[in-house]
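Below is start_36.csv, holding CSV, C-alpha atoms.
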chain,number,residue,atom,x,y,z
A,1124,MET,CA,129.7,120.3,-88.3
A,1125,LEU,CA,130.9,116.9,-89.3
A,1126,SER,CA,128.6,115.1,-91.6
A,1127,ALA,CA,127.6,111.4,-91.9
A,1128,ARG,CA,130.0,111.0,-94.8
A,1129,ASP,CA,133.0,111.9,-92.5
A,1130,ILE,CA,132.4,109.3,-89.9
A,1131,MET,CA,130.5,106.5,-91.7
A,1132,THR,CA,132.0,103.0,-92.2
A,1133,ALA,CA,132.5,102.6,-95.9
A,1134,ASN,CA,133.1,98.8,-95.5
A,1135,VAL,CA,129.5,97.6,-95.9
A,1136,ILE,CA,128.4,94.1,-97.0
A,1137,THR,CA,125.1,93.3,-98.6
A,1138,ILE,CA,123.1,90.1,-98.5
A,1139,SER,CA,120.1,88.8,-100.5
A,1140,GLY,CA,116.8,88.7,-98.7
A,1141,SER,CA,116.4,85.1,-99.7
A,1142,ALA,CA,119.7,84.0,-98.0
A,1143,THR,CA,119.4,81.9,-94.8
A,1144,ILE,CA,120.1,83.4,-91.4
A,1145,ALA,CA,123.0,80.9,-91.0
A,1146,ASP,CA,124.6,82.5,-94.1
A,1147,ALA,CA,124.1,86.0,-92.6
A,1148,VAL,CA,125.6,84.9,-89.3
A,1149,LYS,CA,128.6,83.4,-91.1
A,1150,ILE,CA,129.3,86.7,-93.0
A,1151,MET,CA,128.9,88.8,-89.8
A,1152,LYS,CA,131.3,86.5,-87.9
A,1153,ASP,CA,133.9,86.4,-90.8
A,1154,LYS,CA,133.8,90.2,-91.4
A,1155,GLY,CA,133.2,91.3,-87.8
A,1156,LEU,CA,130.0,93.2,-88.7
A,1157,ARG,CA,126.9,93.9,-86.6
A,1158,ALA,CA,124.6,94.4,-89.5
A,1159,LEU,CA,124.2,93.6,-93.2
A,1160,ILE,CA,122.3,95.7,-95.8
A,1161,VAL,CA,119.7,93.8,-97.7
A,1162,ASP,CA,120.2,94.1,-101.5
A,1163,ARG,CA,117.6,96.0,-103.5
A,1164,ARG,CA,115.7,93.8,-106.0
A,1165,ASN,CA,115.8,96.7,-108.5
A,1166,ASP,CA,116.7,100.4,-108.6
A,1167,SER,CA,113.3,101.5,-107.2
A,1168,ASP,CA,113.2,98.9,-104.4
A,1169,PRO,CA,114.1,100.3,-100.9
A,1170,TYR,CA,117.1,99.1,-98.9
A,1171,GLY,CA,116.6,96.8,-96.0
A,1172,ILE,CA,118.8,95.9,-93.0
A,1173,VAL,CA,119.3,92.9,-90.8
A,1174,THR,CA,121.2,93.4,-87.5
A,1175,GLU,CA,122.6,91.1,-84.8
A,1176,THR,CA,119.7,92.3,-82.6
A,1177,ASP,CA,117.2,91.0,-85.2
A,1178,ILE,CA,118.9,87.6,-85.2
A,1179,VAL,CA,119.2,87.2,-81.4
A,1180,TYR,CA,115.7,88.6,-80.7
A,1181,LYS,CA,113.8,86.7,-83.4
A,1182,VAL,CA,115.8,83.5,-84.0
A,1183,ALA,CA,118.2,82.6,-81.1
A,1184,ALA,CA,115.6,83.6,-78.5
A,1185,PHE,CA,113.1,81.2,-79.9
A,1186,GLY,CA,115.5,78.4,-80.8
A,1187,HIS,CA,114.4,78.6,-84.4
A,1188,ASP,CA,116.8,76.8,-86.8
A,1189,PRO,CA,119.0,79.6,-88.5
A,1190,LYS,CA,119.6,77.2,-91.4
A,1191,LYS,CA,115.8,77.0,-92.1
A,1192,MET,CA,114.9,80.7,-91.7
A,1193,ARG,CA,115.5,83.4,-94.3
A,1194,VAL,CA,116.7,87.0,-94.0
A,1195,TYR,CA,113.4,88.4,-95.4
A,1196,GLU,CA,111.5,86.9,-92.4
A,1197,ILE,CA,113.4,89.1,-89.9
A,1198,MET,CA,114.8,92.1,-91.8
A,1199,THR,CA,113.6,95.7,-91.5
A,1200,LYS,CA,112.7,96.9,-95.0
A,1201,PRO,CA,112.3,99.7,-95.9
A,1202,CYS,CA,114.8,100.9,-93.3
A,1203,VAL,CA,115.6,104.5,-92.2
A,1204,THR,CA,118.4,105.8,-94.4
A,1205,VAL,CA,120.7,108.8,-94.0
A,1206,ASN,CA,122.0,111.3,-96.5
A,1207,PRO,CA,125.8,111.6,-96.5
A,1208,ASP,CA,125.5,115.4,-96.0
A,1209,LEU,CA,123.4,115.1,-92.8
A,1210,GLY,CA,125.2,116.6,-89.8
A,1211,VAL,CA,126.3,114.2,-87.1
A,1212,GLU,CA,124.2,115.9,-84.4
A,1213,TYR,CA,121.1,115.4,-86.6
A,1214,VAL,CA,122.0,111.8,-87.2
A,1215,ALA,CA,122.2,111.3,-83.4
A,1216,ARG,CA,118.8,113.1,-83.0
A,1217,LEU,CA,117.3,111.0,-85.8
A,1218,PHE,CA,118.6,107.8,-84.2
A,1219,ALA,CA,117.3,108.8,-80.7
A,1220,ASN,CA,113.8,109.7,-82.1
A,1221,THR,CA,113.5,106.5,-84.1
A,1222,ARG,CA,115.2,104.3,-81.5
A,1223,ILE,CA,117.6,102.8,-84.0
A,1224,ARG,CA,121.4,102.3,-83.7
A,1225,ARG,CA,122.6,102.2,-87.3
A,1226,ALA,CA,121.4,103.1,-90.8
A,1227,PRO,CA,122.8,102.9,-94.4
A,1228,VAL,CA,124.2,106.1,-95.9
A,1229,ILE,CA,122.6,106.5,-99.3
A,1230,GLU,CA,122.9,109.0,-102.1
A,1231,GLY,CA,121.6,107.3,-105.3
A,1232,LYS,CA,123.5,104.2,-104.2
A,1233,LEU,CA,124.8,102.6,-101.0
A,1234,LEU,CA,127.8,104.5,-99.8
A,1235,GLY,CA,128.3,103.1,-96.3
A,1236,ILE,CA,126.7,102.5,-92.9
A,1237,ILE,CA,126.7,104.8,-89.9
A,1238,SER,CA,126.2,103.6,-86.3
A,1239,ILE,CA,126.1,104.9,-82.8
A,1240,SER,CA,129.6,103.5,-82.4
A,1241,ASP,CA,130.8,105.8,-85.2
A,1242,ILE,CA,129.2,108.8,-83.6
A,1243,LEU,CA,130.7,107.9,-80.2
A,1244,LYS,CA,134.2,107.1,-81.5
A,1245,LYS,CA,134.7,109.4,-84.5
A,1246,SER,CA,132.7,112.5,-84.1
A,1247,ASP,CA,133.7,115.6,-82.1
A,1248,PHE,CA,130.6,115.9,-79.8
A,1249,VAL,CA,132.8,115.7,-76.7
A,1250,GLU,CA,135.2,118.4,-77.8
A,1251,LYS,CA,132.7,120.6,-79.6
A,1252,PRO,CA,129.1,119.9,-78.4
A,1253,LYS,CA,126.7,121.6,-80.8
A,1254,GLN,CA,123.2,122.6,-79.8
A,1255,LEU,CA,120.6,122.0,-82.5
A,1256,TYR,CA,117.8,124.5,-83.3
A,1257,ILE,CA,119.8,127.4,-81.8
A,1258,GLU,CA,118.1,130.0,-84.0
A,1259,ASP,CA,114.7,128.8,-82.8
A,1260,ARG,CA,115.8,129.0,-79.2
A,1261,LEU,CA,117.1,132.5,-79.9
A,1262,ASP,CA,113.7,133.6,-81.1
A,1263,VAL,CA,112.0,132.3,-78.0
A,1264,ALA,CA,114.6,133.9,-75.7
A,1265,ARG,CA,114.0,137.3,-77.4
A,1266,GLU,CA,110.3,137.0,-77.0
A,1267,GLU,CA,110.7,136.0,-73.3
A,1268,ALA,CA,113.1,138.9,-72.6
A,1269,ARG,CA,110.7,141.4,-74.1
A,1270,ALA,CA,107.8,140.1,-72.0
A,1271,ILE,CA,109.9,140.1,-68.8
A,1272,CYS,CA,111.1,143.7,-69.5
A,1273,ALA,CA,107.5,144.8,-70.2
A,1274,ALA,CA,106.2,143.2,-66.9
A,1275,LYS,CA,109.1,144.0,-64.6
A,1276,GLY,CA,110.4,147.3,-66.0
A,1277,ALA,CA,113.3,148.0,-68.4
A,1278,THR,CA,115.8,148.7,-65.6
A,1279,SER,CA,114.9,145.6,-63.5
A,1280,PRO,CA,117.6,142.9,-62.9
A,1281,GLU,CA,115.3,140.3,-64.3
A,1282,CYS,CA,115.2,142.2,-67.6
A,1283,ALA,CA,119.0,142.5,-67.7
A,1284,ALA,CA,119.4,138.8,-67.0
A,1285,ALA,CA,117.0,137.8,-69.8
A,1286,TRP,CA,118.9,139.9,-72.3
A,1287,ASP,CA,122.2,138.4,-71.1
A,1288,GLU,CA,120.8,135.0,-72.0
A,1289,VAL,CA,119.8,136.3,-75.5
A,1290,GLU,CA,123.3,137.6,-76.0
A,1291,GLU,CA,124.9,134.2,-75.0
A,1292,LEU,CA,122.7,132.4,-77.5
A,1293,GLN,CA,123.5,135.0,-80.2
A,1294,ALA,CA,127.2,134.4,-79.6
A,1295,ALA,CA,126.7,130.6,-79.8
A,1296,ALA,CA,124.7,131.0,-83.1
A,1297,ALA,CA,127.4,133.2,-84.6
A,1298,ASP,CA,130.1,130.6,-83.7
A,1299,LYS,CA,128.0,127.9,-85.3
A,1300,ARG,CA,127.5,130.0,-88.5
A,1301,ARG,CA,131.3,130.6,-88.7
A,1302,GLU,CA,132.0,126.9,-88.4
A,1303,GLU,CA,129.6,126.0,-91.1
A,1304,LYS,CA,131.2,128.3,-93.6
B,51,MET,CA,123.4,74.0,-73.3
B,52,MET,CA,126.1,76.7,-73.3
B,53,GLN,CA,126.0,79.0,-70.3
B,54,ALA,CA,126.4,82.8,-70.0
B,55,GLN,CA,129.9,82.3,-68.3
B,56,GLU,CA,131.2,80.4,-71.4
B,57,ILE,CA,130.6,83.2,-73.8
B,58,MET,CA,130.7,86.4,-71.7
B,59,THR,CA,133.4,89.0,-72.1
B,60,LYS,CA,135.5,89.0,-68.9
B,61,ASP,CA,137.3,92.3,-69.8
B,62,VAL,CA,134.8,94.7,-68.2
B,63,ALA,CA,135.5,98.2,-67.2
B,64,THR,CA,133.7,100.0,-64.4
B,65,ILE,CA,133.1,103.7,-63.8
B,66,SER,CA,131.8,105.8,-60.9
B,67,GLY,CA,128.3,107.3,-61.2
B,68,SER,CA,129.8,110.7,-60.5
B,69,ALA,CA,132.3,110.6,-63.4
B,70,THR,CA,131.6,112.9,-66.4
B,71,ILE,CA,130.3,111.6,-69.7
B,72,ALA,CA,133.6,112.8,-71.3
B,73,ASP,CA,135.5,110.5,-68.9
B,74,ALA,CA,133.2,107.6,-69.9
B,75,VAL,CA,133.6,108.3,-73.6
B,76,LYS,CA,137.4,108.4,-73.1
B,77,ILE,CA,137.5,105.0,-71.4
B,78,MET,CA,135.1,103.5,-74.1
B,79,LYS,CA,137.3,104.8,-76.9
B,80,GLU,CA,140.6,103.6,-75.3
B,81,LYS,CA,139.4,100.1,-74.5
B,82,GLY,CA,137.1,99.7,-77.5
B,83,LEU,CA,134.0,99.1,-75.3
B,84,ARG,CA,130.3,99.7,-75.9
B,85,ALA,CA,129.3,99.9,-72.3
B,86,LEU,CA,130.7,100.5,-68.8
B,87,ILE,CA,129.3,99.0,-65.6
B,88,VAL,CA,128.6,101.6,-62.9
B,89,GLU,CA,130.3,100.8,-59.7
B,90,ARG,CA,128.2,99.9,-56.6
B,91,ARG,CA,128.2,102.5,-53.8
B,92,SER,CA,128.2,99.8,-51.2
B,93,TYR,CA,127.9,96.0,-51.1
B,94,GLY,CA,124.0,96.0,-51.1
B,95,ASP,CA,123.8,98.6,-53.9
B,96,PRO,CA,122.6,97.4,-57.3
B,97,TYR,CA,124.9,97.5,-60.4
B,98,GLY,CA,124.2,100.1,-63.1
B,99,ILE,CA,125.2,100.3,-66.7
B,100,VAL,CA,125.9,103.1,-69.2
B,101,THR,CA,126.0,102.3,-72.9
B,102,GLU,CA,127.0,104.1,-76.1
B,103,THR,CA,123.3,104.2,-76.9
B,104,ASP,CA,122.6,106.2,-73.7
B,105,ILE,CA,125.4,108.6,-74.6
B,106,VAL,CA,124.3,109.2,-78.2
B,107,TYR,CA,120.6,109.3,-77.5
B,108,LYS,CA,120.7,111.5,-74.3
B,109,VAL,CA,123.8,113.6,-74.8
B,110,ALA,CA,125.1,113.9,-78.4
B,111,ALA,CA,121.5,114.1,-79.8
B,112,PHE,CA,120.8,117.2,-77.7
B,113,GLY,CA,124.2,118.8,-78.0
B,114,HIS,CA,124.7,118.7,-74.3
B,115,ASP,CA,128.3,119.2,-73.1
B,116,PRO,CA,129.7,115.8,-72.1
B,117,LYS,CA,132.2,117.5,-69.9
B,118,LYS,CA,129.4,119.0,-67.8
B,119,MET,CA,127.1,116.0,-67.6
B,120,ARG,CA,127.6,113.1,-65.2
B,121,VAL,CA,127.1,109.3,-65.7
B,122,TYR,CA,124.3,109.2,-63.0
B,123,GLU,CA,122.2,111.4,-65.2
B,124,ILE,CA,121.9,109.0,-68.0
B,125,MET,CA,122.8,105.5,-66.6
B,126,THR,CA,120.3,102.6,-66.1
B,127,LYS,CA,120.4,101.5,-62.5
B,128,PRO,CA,119.4,99.1,-61.3
B,129,CYS,CA,120.0,97.2,-64.5
B,130,VAL,CA,119.0,93.6,-65.6
B,131,THR,CA,121.7,91.2,-64.5
B,132,VAL,CA,122.4,87.6,-65.6
B,133,THR,CA,123.7,84.8,-63.5
B,134,PRO,CA,126.8,83.0,-64.9
B,135,ASP,CA,125.0,79.6,-65.2
B,136,LEU,CA,122.0,80.9,-67.2
B,137,GLY,CA,121.7,79.1,-70.5
B,138,VAL,CA,122.5,81.1,-73.6
B,139,GLU,CA,119.1,80.6,-75.2
B,140,TYR,CA,117.5,82.0,-72.0
B,141,VAL,CA,119.8,85.0,-72.1
B,142,ALA,CA,118.6,85.6,-75.7
B,143,ARG,CA,115.0,85.3,-74.6
B,144,LEU,CA,115.5,87.6,-71.6
B,145,PHE,CA,117.2,90.2,-73.9
B,146,ALA,CA,114.4,90.0,-76.4
B,147,ASN,CA,111.7,90.3,-73.8
B,148,THR,CA,113.3,93.2,-72.0
B,149,ARG,CA,114.6,94.9,-75.3
B,150,ILE,CA,118.2,95.1,-74.0
B,151,ARG,CA,121.4,94.2,-75.8
B,152,ARG,CA,123.9,93.6,-73.0
B,153,ALA,CA,123.9,92.9,-69.2
B,154,PRO,CA,126.5,92.4,-66.5
B,155,VAL,CA,127.1,88.8,-65.4
B,156,VAL,CA,126.9,88.9,-61.6
B,157,GLU,CA,127.2,86.3,-58.8
B,158,GLY,CA,128.0,88.0,-55.6
B,159,GLU,CA,130.4,90.2,-57.6
B,160,LEU,CA,130.8,91.3,-61.1
B,161,LEU,CA,132.2,88.5,-63.3
B,162,GLY,CA,131.8,89.9,-66.8
B,163,ILE,CA,129.4,91.3,-69.4
B,164,ILE,CA,127.4,89.5,-72.0
B,165,SER,CA,126.0,91.0,-75.2
B,166,ILE,CA,124.1,90.1,-78.3
B,167,SER,CA,127.4,90.1,-80.1
B,168,ASP,CA,128.7,87.4,-77.7
B,169,ILE,CA,125.6,85.3,-78.4
B,170,LEU,CA,125.9,85.8,-82.1
B,171,LYS,CA,129.6,85.1,-82.4
B,172,LYS,CA,130.4,82.6,-79.6
B,173,SER,CA,127.3,80.6,-79.0
B,174,ASP,CA,126.2,77.5,-80.9
B,175,PHE,CA,122.7,78.6,-81.8
B,176,VAL,CA,123.4,78.1,-85.5
B,177,GLU,CA,124.8,74.6,-85.1
B,178,LYS,CA,122.5,73.4,-82.4
B,179,PRO,CA,119.3,75.4,-82.2
B,180,LYS,CA,117.2,74.5,-79.2
B,181,SER,CA,113.4,74.6,-79.3
B,182,GLU,CA,111.3,75.3,-76.3
B,183,PHE,CA,110.5,71.6,-76.1
B,184,GLU,CA,114.2,70.6,-76.2
B,185,LEU,CA,115.0,73.1,-73.5
B,186,TYR,CA,112.1,71.8,-71.4
B,187,CYS,CA,113.4,68.2,-71.8
B,188,GLU,CA,116.9,69.2,-70.9
B,189,GLU,CA,115.7,70.8,-67.7
B,190,ASN,CA,113.2,68.1,-66.8
B,191,PRO,CA,114.9,64.8,-67.8
B,192,SER,CA,112.4,62.8,-65.8
B,193,ALA,CA,109.4,64.2,-67.7
B,194,LEU,CA,107.5,61.7,-69.8
B,195,GLU,CA,108.1,63.6,-73.0
B,196,ALA,CA,111.8,63.7,-72.3
B,197,ARG,CA,112.1,60.0,-71.6
B,198,MET,CA,111.2,59.1,-75.1
B,199,TYR,CA,114.8,60.0,-75.9
B,200,ASP,CA,116.1,57.3,-73.5

Could I get this structure in the form of structure tokens?
Amino acid sequence: MLSARDIMTANVITISGSATIADAVKIMKDKGLRALIVDRRNDSDPYGIVTETDIVYKVAAFGHDPKKMRVYEIMTKPCVTVNPDLGVEYVARLFANTRIRRAPVIEGKLLGIISISDILKKSDFVEKPKQLYIEDRLDVAREEARAICAAKGATSPECAAAWDEVEELQAAAADKRREEK
Amino acid sequence: MMQAQEIMTKDVATISGSATIADAVKIMKEKGLRALIVERRSYGDPYGIVTETDIVYKVAAFGHDPKKMRVYEIMTKPCVTVTPDLGVEYVARLFANTRIRRAPVVEGELLGIISISDILKKSDFVEKPKSEFELYCEENPSALEARMYD
């Protein structure tokens, strides 16, 4: 499985929480970025993030003056962060569950940023779709197969079909283990 | 006030609702797009949209096979559309209220697509922020409050 480190964007720019929104927009335009990471005030302070969505939804939509508003007024801090070793499929699931589109990649310090565009454009989910929680699904399929065979008889077609499904999942799980090695 | 048609992206790609997700990803990668507009089935049919968020949240996050899933299973149709003469501040407000980030610009036919990136990078909201009151005065030049600028 590819991990966040493999597909993240290492080119990440930080900004101070006290900077103006106009400054943030200028940096985003100059560098072609959709989000900036907000600097920590010290080593134990959490990271923050300010995205183009924050700026459009909270500043442009209300006609507020970007030269008079500050990053700390619209940033998300603390923000969801991702460990560089997290598998890409888990990043996608985390993003879907938290309804976010990008997050800083952190291990001690800021390493990069990962976004849904990175997942779409750099990961291998099209060529090699990977089902998560396959071992859990295997447990369920086994339990169900046993129940079906007990109810319908060990020689029934339903029983055979249920065990076929278990075998398919076992094959998929074995493939996944081999890839991870 | 700047209008949607001044900052929209005219380079817009369409896709059929029956295409596979793998096809959609291929087009998005090749053209560097974050969304595709789903073609209408007939003149009276609404437009749809499929974005990279839809694909990551609904396909990649579940490990579904993009070669076996179709655009119609994850698209948003009908989608919010914008008319070309809508002011950019109103586009921003519409996007904030509906929690969307891009919409097709439509007038009879598909003219382009407008996104929060277009608003951020091409509009003049930093140089010329417009308050509710200023927007109101621009639209109602004969109102008493607006006439104080005469």

- Distance query A:Pro1169 at most 12 Å, only C-alpha atoms, self and fewer than 6 positions along chain excluded, as a VMD selection string: chain A and resid 1160 to 1163 1199 to 1204 1227 1229 1231 to 1233

- Item | Nearest to A:Val1249 by atom-to-atom distance, counting all atoms listed in the file, from B:Gly158, B:Pro96, B:Gly82, B:Pro116 |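 Nearest candidate to A:Val1249 out of B:Gly158, B:Pro96, B:Gly82, B:Pro116: B:Pro116.
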
- Polymer residues at most 9 Å from A:Leu1156, all atoms listed in the file, same-chain spacing of 2 or more positions, as a PyMOL selection string: chain A and resi 1135-1136+1150-1154+1158-1159+1174-1175

Which residues of chain B are close to chain A, meaning at most 9 Å apart when you count all atoms listed in the file, and how do they look as a CSV table (one decimal) with C-alpha atoms, keeping the file's coordinate frame?
chain,number,residue,atom,x,y,z
B,71,ILE,CA,130.3,111.6,-69.7
B,72,ALA,CA,133.6,112.8,-71.3
B,75,VAL,CA,133.6,108.3,-73.6
B,78,MET,CA,135.1,103.5,-74.1
B,79,LYS,CA,137.3,104.8,-76.9
B,82,GLY,CA,137.1,99.7,-77.5
B,84,ARG,CA,130.3,99.7,-75.9
B,102,GLU,CA,127.0,104.1,-76.1
B,103,THR,CA,123.3,104.2,-76.9
B,105,ILE,CA,125.4,108.6,-74.6
B,106,VAL,CA,124.3,109.2,-78.2
B,107,TYR,CA,120.6,109.3,-77.5
B,108,LYS,CA,120.7,111.5,-74.3
B,109,VAL,CA,123.8,113.6,-74.8
B,110,ALA,CA,125.1,113.9,-78.4
B,111,ALA,CA,121.5,114.1,-79.8
B,112,PHE,CA,120.8,117.2,-77.7
B,113,GLY,CA,124.2,118.8,-78.0
B,114,HIS,CA,124.7,118.7,-74.3
B,115,ASP,CA,128.3,119.2,-73.1
B,116,PRO,CA,129.7,115.8,-72.1
B,117,LYS,CA,132.2,117.5,-69.9
B,138,VAL,CA,122.5,81.1,-73.6
B,139,GLU,CA,119.1,80.6,-75.2
B,140,TYR,CA,117.5,82.0,-72.0
B,141,VAL,CA,119.8,85.0,-72.1
B,142,ALA,CA,118.6,85.6,-75.7
B,143,ARG,CA,115.0,85.3,-74.6
B,144,LEU,CA,115.5,87.6,-71.6
B,145,PHE,CA,117.2,90.2,-73.9
B,146,ALA,CA,114.4,90.0,-76.4
B,147,ASN,CA,111.7,90.3,-73.8
B,149,ARG,CA,114.6,94.9,-75.3
B,151,ARG,CA,121.4,94.2,-75.8
B,166,ILE,CA,124.1,90.1,-78.3
B,167,SER,CA,127.4,90.1,-80.1
B,169,ILE,CA,125.6,85.3,-78.4
B,170,LEU,CA,125.9,85.8,-82.1
B,171,LYS,CA,129.6,85.1,-82.4
B,175,PHE,CA,122.7,78.6,-81.8
B,176,VAL,CA,123.4,78.1,-85.5
B,177,GLU,CA,124.8,74.6,-85.1
B,178,LYS,CA,122.5,73.4,-82.4
B,179,PRO,CA,119.3,75.4,-82.2
B,180,LYS,CA,117.2,74.5,-79.2
B,181,SER,CA,113.4,74.6,-79.3
B,182,GLU,CA,111.3,75.3,-76.3

- Provide the atom CA of A:Ile1271 to atom CA of A:Leu1292 distance in Å, to one decimal place. 17.3 Å

- Task: For B:Gln55, list every protein, DNA or RNA residue within 12 Å, evaluated using only C-alpha atoms, and leave out those in the same chain fewer than 2 positions away; present the list as a PyMOL selection string.
- Result: chain B and resi 51-53+57-60+132-138+141+154-157+160-165+168-169+172-173

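Note that the spacing between atom CA of A:Thr1132 and atom CA of A:Val1205 amounts to 12.8 Å.
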
- Query: What does the distance from atom CA of A:Gln1293 to atom CA of A:Val1263 come to in Å, to one decimal?
  - Reply: 12.0 Å

Return as JSON the centre and edge lengths, in Å with one decimal, of the box along x, y and z that encloses every atom of stretch 55-64 of chain B in the file, padded by 8 Å per side.
{"center_x": 133.6, "center_y": 90.2, "center_z": -69.1, "size_x": 23.4, "size_y": 35.6, "size_z": 25.4}

- Item | Shell of 9 Å around stretch 1295-1300 of chain A, only C-alpha atoms, local chain residues under 3 positions omitted, as a ChimeraX atom specification | /A:1124,1253-1254,1257-1258,1261,1290-1292,1303-1304

Neighbouring residues of B:Leu86 were defined as those with any atom within 7 Å, considering all atoms listed in the file; residues of the same chain fewer than 3 positions away were excluded. Please report them as a compact mmCIF listing (two decimals) with C-alpha atoms, in the frame of the given file.
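Output file result.txt follows:
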# COMPACT_ATOMS: atom_id res chain seq x y z
CA ALA B 63 135.50 98.20 -67.20
CA THR B 64 133.70 100.00 -64.40
CA ILE B 65 133.10 103.70 -63.80
CA ILE B 99 125.20 100.30 -66.70
CA VAL B 100 125.90 103.10 -69.20
CA THR B 101 126.00 102.30 -72.90

Stretch 1199-1205 of chain A rebuilt with all heavy atoms, output as a PDB file, in the frame of the given file:
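Writing the result to selection_33.pdb gives the following:
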ATOM      1  N   THR A1199     114.403  94.442 -91.569  1.00  0.00           N
ATOM      2  CA  THR A1199     113.600  95.700 -91.500  1.00  0.00           C
ATOM      3  C   THR A1199     113.748  96.297 -92.923  1.00  0.00           C
ATOM      4  O   THR A1199     114.843  96.680 -93.339  1.00  0.00           O
ATOM      5  CB  THR A1199     114.179  96.652 -90.494  1.00  0.00           C
ATOM      6  OG1 THR A1199     114.149  96.016 -89.226  1.00  0.00           O
ATOM      7  CG2 THR A1199     113.338  97.931 -90.432  1.00  0.00           C
ATOM      8  N   LYS A1200     112.649  96.335 -93.670  1.00  0.00           N
ATOM      9  CA  LYS A1200     112.700  96.900 -95.000  1.00  0.00           C
ATOM     10  C   LYS A1200     111.301  97.472 -95.318  1.00  0.00           C
ATOM     11  O   LYS A1200     110.323  96.768 -95.156  1.00  0.00           O
ATOM     12  CB  LYS A1200     113.007  95.786 -96.035  1.00  0.00           C
ATOM     13  CG  LYS A1200     112.938  96.257 -97.485  1.00  0.00           C
ATOM     14  CD  LYS A1200     113.346  95.134 -98.429  1.00  0.00           C
ATOM     15  CE  LYS A1200     113.028  95.489 -99.868  1.00  0.00           C
ATOM     16  NZ  LYS A1200     113.502  94.489-100.818  1.00  0.00           N
ATOM     17  N   PRO A1201     111.181  98.716 -95.687  1.00  0.00           N
ATOM     18  CA  PRO A1201     112.300  99.700 -95.900  1.00  0.00           C
ATOM     19  C   PRO A1201     112.874 100.096 -94.539  1.00  0.00           C
ATOM     20  O   PRO A1201     112.188 100.060 -93.526  1.00  0.00           O
ATOM     21  CB  PRO A1201     111.570 100.861 -96.544  1.00  0.00           C
ATOM     22  CG  PRO A1201     110.152 100.771 -96.094  1.00  0.00           C
ATOM     23  CD  PRO A1201     109.855  99.315 -95.930  1.00  0.00           C
ATOM     24  N   CYS A1202     114.159 100.481 -94.543  1.00  0.00           N
ATOM     25  CA  CYS A1202     114.800 100.900 -93.300  1.00  0.00           C
ATOM     26  C   CYS A1202     115.038 102.450 -93.390  1.00  0.00           C
ATOM     27  O   CYS A1202     115.018 103.028 -94.478  1.00  0.00           O
ATOM     28  CB  CYS A1202     116.053 100.178 -93.001  1.00  0.00           C
ATOM     29  SG  CYS A1202     117.364 100.384 -94.197  1.00  0.00           S
ATOM     30  N   VAL A1203     115.254 103.061 -92.236  1.00  0.00           N
ATOM     31  CA  VAL A1203     115.600 104.500 -92.200  1.00  0.00           C
ATOM     32  C   VAL A1203     116.969 104.634 -92.862  1.00  0.00           C
ATOM     33  O   VAL A1203     117.879 103.858 -92.587  1.00  0.00           O
ATOM     34  CB  VAL A1203     115.698 104.976 -90.730  1.00  0.00           C
ATOM     35  CG1 VAL A1203     116.235 106.404 -90.664  1.00  0.00           C
ATOM     36  CG2 VAL A1203     114.340 104.882 -90.041  1.00  0.00           C
ATOM     37  N   THR A1204     117.095 105.608 -93.765  1.00  0.00           N
ATOM     38  CA  THR A1204     118.400 105.800 -94.400  1.00  0.00           C
ATOM     39  C   THR A1204     118.853 107.255 -94.104  1.00  0.00           C
ATOM     40  O   THR A1204     118.059 108.118 -93.723  1.00  0.00           O
ATOM     41  CB  THR A1204     118.315 105.654 -95.938  1.00  0.00           C
ATOM     42  OG1 THR A1204     117.431 106.639 -96.460  1.00  0.00           O
ATOM     43  CG2 THR A1204     117.830 104.272 -96.306  1.00  0.00           C
ATOM     44  N   VAL A1205     120.150 107.482 -94.280  1.00  0.00           N
ATOM     45  CA  VAL A1205     120.700 108.800 -94.000  1.00  0.00           C
ATOM     46  C   VAL A1205     121.430 109.326 -95.203  1.00  0.00           C
ATOM     47  O   VAL A1205     122.066 108.577 -95.941  1.00  0.00           O
ATOM     48  CB  VAL A1205     121.768 108.600 -92.804  1.00  0.00           C
ATOM     49  CG1 VAL A1205     122.618 109.838 -92.627  1.00  0.00           C
ATOM     50  CG2 VAL A1205     121.054 108.263 -91.513  1.00  0.00           C
TER      51      VAL A1205
END
